[in-house]
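*Asks:* Please find input.cif (mmCIF, C-alpha atoms and all ligand atoms) on the next line:
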```
data_final
#
loop_
_atom_site.label_atom_id
_atom_site.label_comp_id
_atom_site.auth_asym_id
_atom_site.auth_seq_id
_atom_site.Cartn_x
_atom_site.Cartn_y
_atom_site.Cartn_z
CA MET A 574 -9.68 26.65 4.16
CA ARG A 575 -8.47 24.72 1.10
CA GLY A 576 -6.94 21.34 1.81
CA GLU A 577 -3.38 20.56 0.76
CA PHE A 578 -4.60 18.07 -1.89
CA GLU A 579 -7.58 20.05 -3.21
CA GLY A 580 -8.03 19.26 -6.93
CA ARG A 581 -5.81 16.17 -6.78
CA VAL A 582 -6.79 12.57 -7.33
CA ALA A 583 -5.35 9.56 -5.51
CA PHE A 584 -5.59 5.96 -6.75
CA ILE A 585 -5.10 3.62 -3.78
CA THR A 586 -4.87 -0.17 -3.86
CA GLY A 587 -5.75 -2.23 -0.81
CA ALA A 588 -7.96 0.69 0.26
CA ALA A 589 -10.78 -1.20 1.99
CA HIS A 590 -9.13 -1.53 5.39
CA GLY A 591 -5.80 -1.07 7.17
CA GLN A 592 -3.19 1.40 5.94
CA GLY A 593 -4.86 1.99 2.57
CA ARG A 594 -8.13 3.06 4.14
CA VAL A 595 -6.56 5.34 6.74
CA THR A 596 -4.41 6.97 4.04
CA ALA A 597 -7.45 7.41 1.77
CA LEU A 598 -9.28 9.19 4.57
CA ALA A 599 -6.28 11.39 5.37
CA LEU A 600 -5.98 12.42 1.72
CA ALA A 601 -9.75 12.95 1.41
CA GLY A 602 -9.61 15.11 4.52
CA GLU A 603 -7.13 17.31 2.67
CA GLY A 604 -9.41 17.61 -0.35
CA ALA A 605 -8.20 14.78 -2.61
CA ARG A 606 -10.68 12.71 -4.59
CA ILE A 607 -10.15 8.99 -4.11
CA ALA A 608 -10.21 5.93 -6.34
CA ALA A 609 -10.30 3.00 -3.90
CA PHE A 610 -9.32 -0.38 -5.37
CA ASP A 611 -9.46 -3.54 -3.26
CA ILE A 612 -9.92 -7.26 -3.78
CA ALA A 613 -12.81 -7.04 -1.29
CA ARG A 614 -13.24 -10.80 -0.99
CA SER A 615 -11.57 -13.57 0.96
CA LEU A 616 -8.43 -15.31 -0.30
CA SER A 617 -7.59 -18.92 0.58
CA TYR A 618 -3.95 -17.79 0.97
CA PRO A 619 -2.88 -16.19 3.30
CA GLY A 620 -6.15 -17.14 4.99
CA TYR A 621 -6.82 -14.09 7.19
CA ASP A 622 -9.53 -11.50 6.49
CA MET A 623 -9.17 -9.25 3.48
CA GLY A 624 -11.22 -6.07 3.11
CA SER A 625 -14.85 -6.32 2.03
CA THR A 626 -17.31 -4.55 -0.25
CA ALA A 627 -18.96 -3.20 2.92
CA ASP A 628 -15.59 -1.68 3.89
CA LEU A 629 -15.34 -0.04 0.45
CA GLU A 630 -18.89 1.32 0.73
CA SER A 631 -18.25 2.71 4.21
CA LEU A 632 -15.00 4.29 2.98
CA ALA A 633 -16.89 6.05 0.18
CA ALA A 634 -19.48 7.29 2.68
CA ALA A 635 -16.75 8.53 5.05
CA CYS A 636 -15.06 10.39 2.17
CA ARG A 637 -18.38 12.05 1.32
CA GLU A 638 -18.73 13.15 4.93
CA LEU A 639 -15.32 14.79 4.58
CA GLY A 640 -16.63 16.67 1.53
CA SER A 641 -14.64 14.53 -0.90
CA GLU A 642 -15.60 12.01 -3.58
CA CYS A 643 -14.61 8.37 -3.69
CA ILE A 644 -15.16 5.79 -6.42
CA THR A 645 -14.72 2.19 -5.35
CA PHE A 646 -13.46 -0.73 -7.41
CA PRO A 647 -13.66 -4.30 -6.13
CA GLY A 648 -10.84 -5.99 -8.03
CA ASP A 649 -7.59 -7.92 -7.82
CA VAL A 650 -4.29 -6.16 -8.55
CA ARG A 651 -3.29 -9.34 -10.44
CA ASP A 652 -6.18 -8.82 -12.89
CA ASP A 653 -5.07 -6.47 -15.65
CA ALA A 654 -8.60 -6.08 -17.04
CA ALA A 655 -9.92 -4.97 -13.64
CA VAL A 656 -6.97 -2.62 -13.12
CA THR A 657 -7.28 -1.10 -16.61
CA GLY A 658 -11.03 -0.63 -16.17
CA ALA A 659 -10.56 1.10 -12.82
CA VAL A 660 -7.85 3.44 -14.15
CA ASP A 661 -10.02 4.30 -17.17
CA VAL A 662 -13.10 5.02 -15.04
CA THR A 663 -11.01 7.13 -12.66
CA THR A 664 -9.60 9.29 -15.46
CA GLU A 665 -13.02 9.60 -17.13
CA ARG A 666 -14.67 10.63 -13.88
CA PHE A 667 -11.92 12.71 -12.23
CA GLY A 668 -9.83 13.70 -15.28
CA ARG A 669 -6.43 12.84 -13.79
CA ILE A 670 -4.43 10.74 -11.33
CA ASP A 671 -1.90 12.64 -9.22
CA ILE A 672 -1.04 10.05 -6.59
CA LEU A 673 -0.71 6.29 -6.87
CA PHE A 674 -0.39 4.49 -3.55
CA ASN A 675 0.60 0.90 -4.38
CA ASN A 676 -0.41 -0.53 -1.04
CA ALA A 677 -2.28 -3.83 -1.61
CA GLY A 678 -0.36 -6.70 -0.12
CA ILE A 679 -0.47 -9.95 1.78
CA CYS A 680 1.87 -11.55 4.29
CA ALA A 681 2.30 -15.08 5.61
CA TYR A 682 4.96 -17.15 7.33
CA GLY A 683 6.79 -20.16 5.96
CA LEU A 684 10.31 -21.58 5.80
CA ALA A 685 11.77 -21.43 2.29
CA HIS A 686 12.02 -25.21 1.97
CA GLU A 687 8.43 -25.67 3.11
CA LEU A 688 6.71 -23.04 0.96
CA THR A 689 4.49 -24.27 -1.85
CA GLU A 690 4.76 -22.82 -5.33
CA ASP A 691 1.21 -21.52 -4.93
CA ALA A 692 2.23 -19.58 -1.81
CA TRP A 693 5.32 -18.18 -3.54
CA ASP A 694 3.31 -17.16 -6.61
CA ALA A 695 0.52 -15.52 -4.61
CA MET A 696 3.02 -13.50 -2.55
CA LEU A 697 5.06 -12.31 -5.53
CA ASP A 698 2.09 -11.80 -7.84
CA ILE A 699 0.10 -9.65 -5.39
CA ASN A 700 2.87 -7.72 -3.65
CA LEU A 701 5.25 -7.16 -6.56
CA LYS A 702 3.71 -7.92 -9.95
CA GLY A 703 0.44 -6.31 -8.85
CA ALA A 704 2.22 -3.03 -8.13
CA TRP A 705 3.70 -3.10 -11.63
CA LEU A 706 0.38 -4.01 -13.27
CA VAL A 707 -1.27 -0.99 -11.63
CA ALA A 708 1.62 1.39 -12.29
CA ARG A 709 1.75 0.24 -15.93
CA ARG A 710 -1.75 1.68 -16.43
CA VAL A 711 -1.32 4.79 -14.27
CA ILE A 712 2.10 5.91 -15.57
CA PRO A 713 0.81 6.92 -19.04
CA VAL A 714 -1.81 9.14 -17.36
CA MET A 715 0.92 10.81 -15.28
CA ILE A 716 3.21 11.17 -18.30
CA ARG A 717 0.43 12.98 -20.17
CA GLN A 718 0.01 15.31 -17.16
CA ARG A 719 3.78 15.74 -16.81
CA SER A 720 3.27 15.24 -13.07
CA GLY A 721 2.48 12.61 -10.48
CA VAL A 722 3.74 10.77 -7.43
CA ILE A 723 3.96 7.02 -6.96
CA ILE A 724 4.44 5.59 -3.47
CA ASN A 725 5.10 1.89 -3.07
CA ASN A 726 4.31 0.37 0.30
CA SER A 727 7.28 -1.92 0.91
CA SER A 728 8.25 -2.80 4.51
CA VAL A 729 11.27 -3.05 6.74
CA ALA A 730 11.35 -6.48 5.05
CA GLY A 731 12.27 -4.59 1.85
CA LEU A 732 15.53 -3.44 3.44
CA ARG A 733 16.59 -6.45 5.55
CA GLY A 734 16.27 -10.23 5.72
CA MET A 735 13.46 -11.87 7.71
CA GLY A 736 13.32 -15.54 8.62
CA ARG A 737 10.10 -17.40 7.75
CA LEU A 738 9.23 -14.45 5.54
CA SER A 739 11.64 -14.93 2.61
CA HIS A 740 8.93 -14.79 -0.07
CA TYR A 741 7.46 -11.69 1.59
CA ALA A 742 10.91 -10.09 1.87
CA ALA A 743 11.66 -10.95 -1.77
CA SER A 744 8.46 -9.20 -2.86
CA LYS A 745 9.25 -6.16 -0.71
CA TRP A 746 12.90 -5.92 -1.86
CA GLY A 747 11.43 -6.12 -5.35
CA LEU A 748 9.34 -3.03 -4.63
CA THR A 749 12.48 -1.23 -3.44
CA GLY A 750 14.11 -2.02 -6.80
CA LEU A 751 11.03 -1.02 -8.80
CA THR A 752 10.92 2.29 -6.92
CA LYS A 753 14.48 3.28 -7.75
CA SER A 754 14.18 2.13 -11.38
CA TRP A 755 10.85 3.89 -11.99
CA ALA A 756 12.31 7.04 -10.37
CA ILE A 757 15.00 7.01 -13.08
CA GLU A 758 12.51 6.39 -15.90
CA LEU A 759 9.97 8.95 -14.78
CA ALA A 760 12.01 11.88 -13.46
CA PRO A 761 12.15 13.48 -16.93
CA TYR A 762 8.34 13.79 -16.78
CA GLY A 763 8.29 15.38 -13.34
CA ILE A 764 6.97 12.17 -11.78
CA ARG A 765 8.42 11.18 -8.40
CA VAL A 766 8.57 7.60 -7.11
CA ASN A 767 9.35 6.64 -3.51
CA SER A 768 8.97 3.64 -1.24
CA ILE A 769 7.91 3.51 2.39
CA HIS A 770 9.17 0.92 4.85
CA PRO A 771 6.99 0.53 7.94
CA THR A 772 7.78 -1.67 10.90
CA GLY A 773 4.79 -3.69 12.21
CA VAL A 774 1.57 -1.70 11.83
CA ASN A 775 -1.57 -2.15 13.89
CA THR A 776 -3.92 -3.30 11.10
CA PRO A 777 -6.10 -6.32 10.26
CA MET A 778 -2.98 -7.87 8.64
CA ASN A 779 -1.23 -7.88 12.01
CA ASP A 780 -4.29 -9.41 13.68
CA GLY A 781 -4.58 -11.98 10.87
CA LEU A 782 -0.95 -13.05 11.13
CA ALA A 783 -1.23 -13.37 14.89
CA ALA A 784 -4.29 -15.60 14.53
CA LEU A 785 -2.48 -17.80 11.98
CA GLU A 786 0.35 -18.24 14.51
CA GLY A 787 -2.06 -18.85 17.40
CA LEU A 788 -0.81 -15.72 19.20
CA THR A 789 -2.30 -12.38 20.17
CA ALA A 790 -1.25 -9.33 18.15
CA LYS A 791 0.73 -8.13 21.20
CA GLU A 792 2.56 -11.46 21.51
CA ILE A 793 3.53 -11.46 17.86
CA ALA A 794 4.81 -7.88 18.13
CA GLU A 795 6.86 -8.81 21.21
CA ARG A 796 8.29 -11.81 19.36
CA SER A 797 9.51 -9.52 16.55
CA ALA A 798 10.61 -6.90 19.17
CA GLY A 799 13.06 -4.91 17.10
CA ASN A 800 11.70 -1.40 17.49
CA LEU A 801 14.09 0.99 19.27
CA LEU A 802 11.25 3.19 20.43
CA PRO A 803 9.25 1.38 23.10
CA VAL A 804 6.14 0.62 21.06
CA PRO A 805 4.95 -2.81 19.91
CA TRP A 806 3.84 -1.40 16.56
CA ILE A 807 3.03 1.83 14.81
CA GLU A 808 -0.44 2.96 13.76
CA ALA A 809 -1.81 3.26 10.22
CA GLU A 810 -1.99 7.03 10.81
CA ASP A 811 1.82 7.09 11.08
CA VAL A 812 2.01 5.55 7.62
CA ALA A 813 -0.61 7.94 6.27
CA ASN A 814 1.46 10.89 7.54
CA ALA A 815 4.47 9.62 5.60
CA VAL A 816 2.43 9.09 2.44
CA LEU A 817 0.91 12.57 2.66
CA TYR A 818 4.37 14.10 3.02
CA LEU A 819 5.77 12.20 0.02
CA ALA A 820 2.68 12.98 -2.06
CA SER A 821 2.86 16.68 -1.25
CA ASP A 822 4.82 19.48 -2.86
CA ARG A 823 6.82 19.64 0.39
CA ALA A 824 8.65 16.58 -0.97
CA ARG A 825 9.04 18.04 -4.46
CA TYR A 826 12.68 16.98 -4.79
CA VAL A 827 12.35 13.64 -3.02
CA THR A 828 12.43 10.76 -5.50
CA GLY A 829 13.88 7.26 -5.55
CA ALA A 830 13.99 7.40 -1.75
CA PRO A 831 13.19 4.71 0.79
CA LEU A 832 11.41 6.40 3.72
CA VAL A 833 11.60 4.24 6.83
CA ILE A 834 8.82 4.48 9.43
CA ASP A 835 10.33 1.85 11.64
CA ALA A 836 10.46 3.18 15.20
CA GLY A 837 14.22 2.76 14.82
CA LEU A 838 14.18 -0.96 14.01
CA LEU A 839 16.61 -0.79 11.09
CA SER A 840 19.21 1.07 13.15
CA ARG A 841 20.14 -2.09 15.02
N1 LIG B 901 0.75 -4.50 8.85
C1 LIG B 901 2.08 -4.49 8.90
O1 LIG B 901 2.70 -4.82 9.92
C2 LIG B 901 2.87 -4.03 7.69
C3 LIG B 901 4.20 -3.61 7.89
C4 LIG B 901 4.94 -3.15 6.79
C5 LIG B 901 4.37 -3.14 5.52
N2 LIG B 901 3.09 -3.57 5.36
C6 LIG B 901 2.51 -3.51 4.01
O2 LIG B 901 1.53 -2.49 3.99
C7 LIG B 901 0.52 -2.80 3.02
C8 LIG B 901 -0.85 -2.67 3.64
O3 LIG B 901 -0.91 -3.58 4.73
P1 LIG B 901 -2.00 -3.53 5.89
O4 LIG B 901 -1.25 -3.69 7.15
O5 LIG B 901 -2.92 -2.39 5.73
O6 LIG B 901 -2.73 -4.92 5.54
P2 LIG B 901 -4.28 -5.34 5.58
O7 LIG B 901 -4.33 -6.80 5.33
O8 LIG B 901 -4.86 -4.81 6.83
O9 LIG B 901 -4.86 -4.56 4.31
C9 LIG B 901 -4.45 -4.91 3.00
C10 LIG B 901 -5.57 -4.58 2.02
O10 LIG B 901 -5.14 -5.04 0.72
C11 LIG B 901 -6.21 -5.73 0.10
N3 LIG B 901 -5.67 -6.70 -0.87
C12 LIG B 901 -4.96 -7.82 -0.59
N4 LIG B 901 -4.69 -8.50 -1.72
C13 LIG B 901 -5.20 -7.76 -2.74
C14 LIG B 901 -5.23 -7.94 -4.15
N5 LIG B 901 -4.72 -9.04 -4.73
N6 LIG B 901 -5.82 -7.00 -4.91
C15 LIG B 901 -6.38 -5.90 -4.33
N7 LIG B 901 -6.40 -5.70 -3.00
C16 LIG B 901 -5.82 -6.62 -2.22
C17 LIG B 901 -6.97 -6.38 1.25
O11 LIG B 901 -8.30 -6.70 0.92
C18 LIG B 901 -6.87 -5.32 2.34
O12 LIG B 901 -7.95 -4.41 2.31
C19 LIG B 901 0.86 -4.20 2.52
O13 LIG B 901 1.52 -4.12 1.29
C20 LIG B 901 1.78 -4.75 3.58
O14 LIG B 901 2.64 -5.74 3.09
C21 LIG B 901 2.33 -4.01 6.42
#
```
Could you quickly redo this structure as structure tokens?
*Replies:*
Amino acid sequence: MRGEFEGRVAFITGAAHGQGRVTALALAGEGARIAAFDIARSLSYPGYDMGSTADLESLAAACRELGSECITFPGDVRDDAAVTGAVDVTTERFGRIDILFNNAGICAYGLAHELTEDAWDAMLDINLKGAWLVARRVIPVMIRQRSGVIINNSSVAGLRGMGRLSHYAASKWGLTGLTKSWAIELAPYGIRVNSIHPTGVNTPMNDGLAALEGLTAKEIAERSAGNLLPVPWIEAEDVANAVLYLASDRARYVTGAPLVIDAGLLSR
């Protein structure tokens, strides 16, 4: 049986572990070929574990086992040369890019009056400017094709305020604004742009934040405790399901939309 994304190509940032990896595997399982971009090295800020080159290699192997292909790119979304190189190699090798999942991101706590400029810059440069730097190189490919779907991984923090996370929330509200503005610019070319807004997700980011706070992942989820549905967090597979829907032709008239995957949190 042909997969739903047979013949399509997905460029995914932050693909080494967490939501990016699970989404890459879900798309590969439906026949998509994958370009997996990830910093794949440690960062002094926020200080928890990023993905690794071993993660990227194991992702490529797992895609092959699913009968798909995966090219991996260790690189920083803040580095235009790395981004441009990866987009060029992807189009040379696969001929097109149908789906861009702007997913790379970091998170860290800090009161506004205690944040350093370095922390502010890292948060905004990775989570917001990085998404633009990648889209800037992918959009021309999609315009040439007259088709494509961009999905920006924002957060519930992109639709509400969050104490001790103002720089994170600013970056995620920024993604919400980019999404709606790009949807306007790109609709004439048949390109759709949407944002997703997960509540806490059970990924290495969650574990990393908990460790920085000296808590267990469960304790940190209970502290946030805003989900209506009685779950501490959602799983990366729940995010992947949303991305696959938005990337598919089933969502052909969905653009400029914020899709919440929040276990009801934002209804409060
Ligand atoms: N985990 C959550 O609770 C949660 C909730 C809502 C939204 N989000 C967002 O979802 C996205 C994915 O988060 P996750 O939970 O999978 O996190 P994660 O930390 O588990 O994975 C993030 C991936 O991004 C990569 N990355 C980080 N900085 C990068 C950079 N500068 N260039 C390239 N790659 C980089 C990391 O190496 C890692 O593989 C993020 O944008 C995050 O803000 C997370």
*Asks:* Can you work out which one of A:Ala809, A:Ala798, A:Val660, A:Leu751 has the shortest atom-to-atom distance to A:Leu838, counting only C-alpha atoms?
*Replies:*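 Looking only at the distances to A:Leu838, the closest residue turns out to be A:Ala798.
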*Asks:* Per residue of chain A within 8 Å of ligand LIG 901 (chain B), record the nearest atom pair and its distance in Å to one decimal, counting only C-alpha atoms and all ligand atoms, with rows in chain order and ascending residue number, as a tab-separated table.
*Replies:*
```
residue	atom	partner	partner_atom	distance
A:Thr586	CA	B:LIG901	N7	5.8
A:Gly587	CA	B:LIG901	O10	3.3
A:Ala588	CA	B:LIG901	O12	5.5
A:Ala589	CA	B:LIG901	O12	4.3
A:His590	CA	B:LIG901	O12	4.4
A:Gly591	CA	B:LIG901	O5	3.5
A:Gln592	CA	B:LIG901	O5	3.8
A:Gly593	CA	B:LIG901	O5	5.7
A:Arg594	CA	B:LIG901	O12	7.7
A:Phe610	CA	B:LIG901	C15	6.3
A:Asp611	CA	B:LIG901	N7	3.8
A:Ile612	CA	B:LIG901	C15	3.8
A:Ala613	CA	B:LIG901	O11	5.0
A:Arg614	CA	B:LIG901	O11	6.7
A:Ser615	CA	B:LIG901	O11	7.6
A:Leu616	CA	B:LIG901	N4	7.9
A:Tyr621	CA	B:LIG901	O7	7.9
A:Asp622	CA	B:LIG901	O7	7.1
A:Met623	CA	B:LIG901	O11	3.7
A:Gly624	CA	B:LIG901	O11	3.7
A:Ser625	CA	B:LIG901	O11	6.7
A:Pro647	CA	B:LIG901	C15	7.7
A:Gly648	CA	B:LIG901	C15	5.8
A:Asp649	CA	B:LIG901	N6	3.5
A:Val650	CA	B:LIG901	N6	4.0
A:Arg651	CA	B:LIG901	N5	5.9
A:Asn675	CA	B:LIG901	O13	7.6
A:Asn676	CA	B:LIG901	O13	4.7
A:Ala677	CA	B:LIG901	O10	3.9
A:Gly678	CA	B:LIG901	O13	3.5
A:Ile679	CA	B:LIG901	O14	5.4
A:Cys680	CA	B:LIG901	O14	6.0
A:Asp698	CA	B:LIG901	N5	8.0
A:Ile699	CA	B:LIG901	N5	4.9
A:Asn700	CA	B:LIG901	O13	6.3
A:Gly703	CA	B:LIG901	N5	7.1
A:Asn726	CA	B:LIG901	O13	5.4
A:Ser727	CA	B:LIG901	C5	5.6
A:Ser728	CA	B:LIG901	C5	4.0
A:Val729	CA	B:LIG901	C4	6.3
A:Ala730	CA	B:LIG901	C4	7.4
A:Tyr741	CA	B:LIG901	O14	7.8
A:Lys745	CA	B:LIG901	O14	7.6
A:His770	CA	B:LIG901	C4	6.2
A:Pro771	CA	B:LIG901	C4	4.4
A:Thr772	CA	B:LIG901	C3	5.1
A:Gly773	CA	B:LIG901	O1	3.3
A:Val774	CA	B:LIG901	O1	3.8
A:Asn775	CA	B:LIG901	N1	6.0
A:Thr776	CA	B:LIG901	O8	4.6
A:Pro777	CA	B:LIG901	O8	3.9
A:Met778	CA	B:LIG901	O7	3.7
A:Asn779	CA	B:LIG901	N1	5.0
A:Gly781	CA	B:LIG901	O7	7.6
A:Trp806	CA	B:LIG901	O1	7.6
A:Ala809	CA	B:LIG901	O5	7.3
```
*Asks:* Report, in Å with one decimal, the straight-line distance from atom CA of A:Leu732 to atom CA of A:Leu832.
*Replies:*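 Interatomic distance, atom CA of A:Leu732 to atom CA of A:Leu832: 10.7 Å.
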*Asks:* Using all atoms listed in the file, what residues lie at most 10 Å away from (-6.1, 11.8, -7.4) (file coordinates), given as a count of residues only?
*Replies:* 27
*Asks:* Report, in Å with one decimal, the straight-line distance from atom CA of A:Leu738 to atom CA of A:Gly683.
*Replies:*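 Going from atom CA of A:Leu738 over to atom CA of A:Gly683, I get 6.2 Å.
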*Asks:* Taking all atoms listed in the file into account, name the residue in A:Gly829, A:Gly799, A:Pro805, A:Gly731 that is nearest to A:Ile757.
*Replies:*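 For A:Ile757, the nearest of the candidates is A:Gly829.
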*Asks:* Find the distance between atom CA of A:Ala756 and atom CA of A:Leu706 and write it in Å to one decimal.
*Replies:* 16.5 Å
*Asks:* Pick the closest to A:Ala830 from A:Arg737, A:Lys791, A:Arg765, A:Arg796: which is it, counting all atoms listed in the file?
*Replies:*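 Using all atoms listed in the file, A:Ala830 sits closest to A:Arg765.
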*Asks:* Hey, which of A:Leu688, A:Met735, A:Ala836, A:Leu701 ends up closest to A:Glu808? Count only C-alpha atoms.
*Replies:*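 Closest candidate: A:Ala836.
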*Asks:* Quick one: residues within 12 Å of A:Ile764, all atoms listed in the file counted, chain neighbours fewer than 4 positions away excluded, as an MDAnalysis selection string?
*Replies:* chainID A and resid 670:673 711:724 752 755:760 819:820 822 824:829
*Asks:* Of the candidates A:Val833, A:Leu639, A:Ile793, A:Ala609, which shows the shortest atom-to-atom distance to A:Gly576, using all atoms listed in the file?
*Replies:*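 Result for the nearest residue to A:Gly576: A:Leu639.
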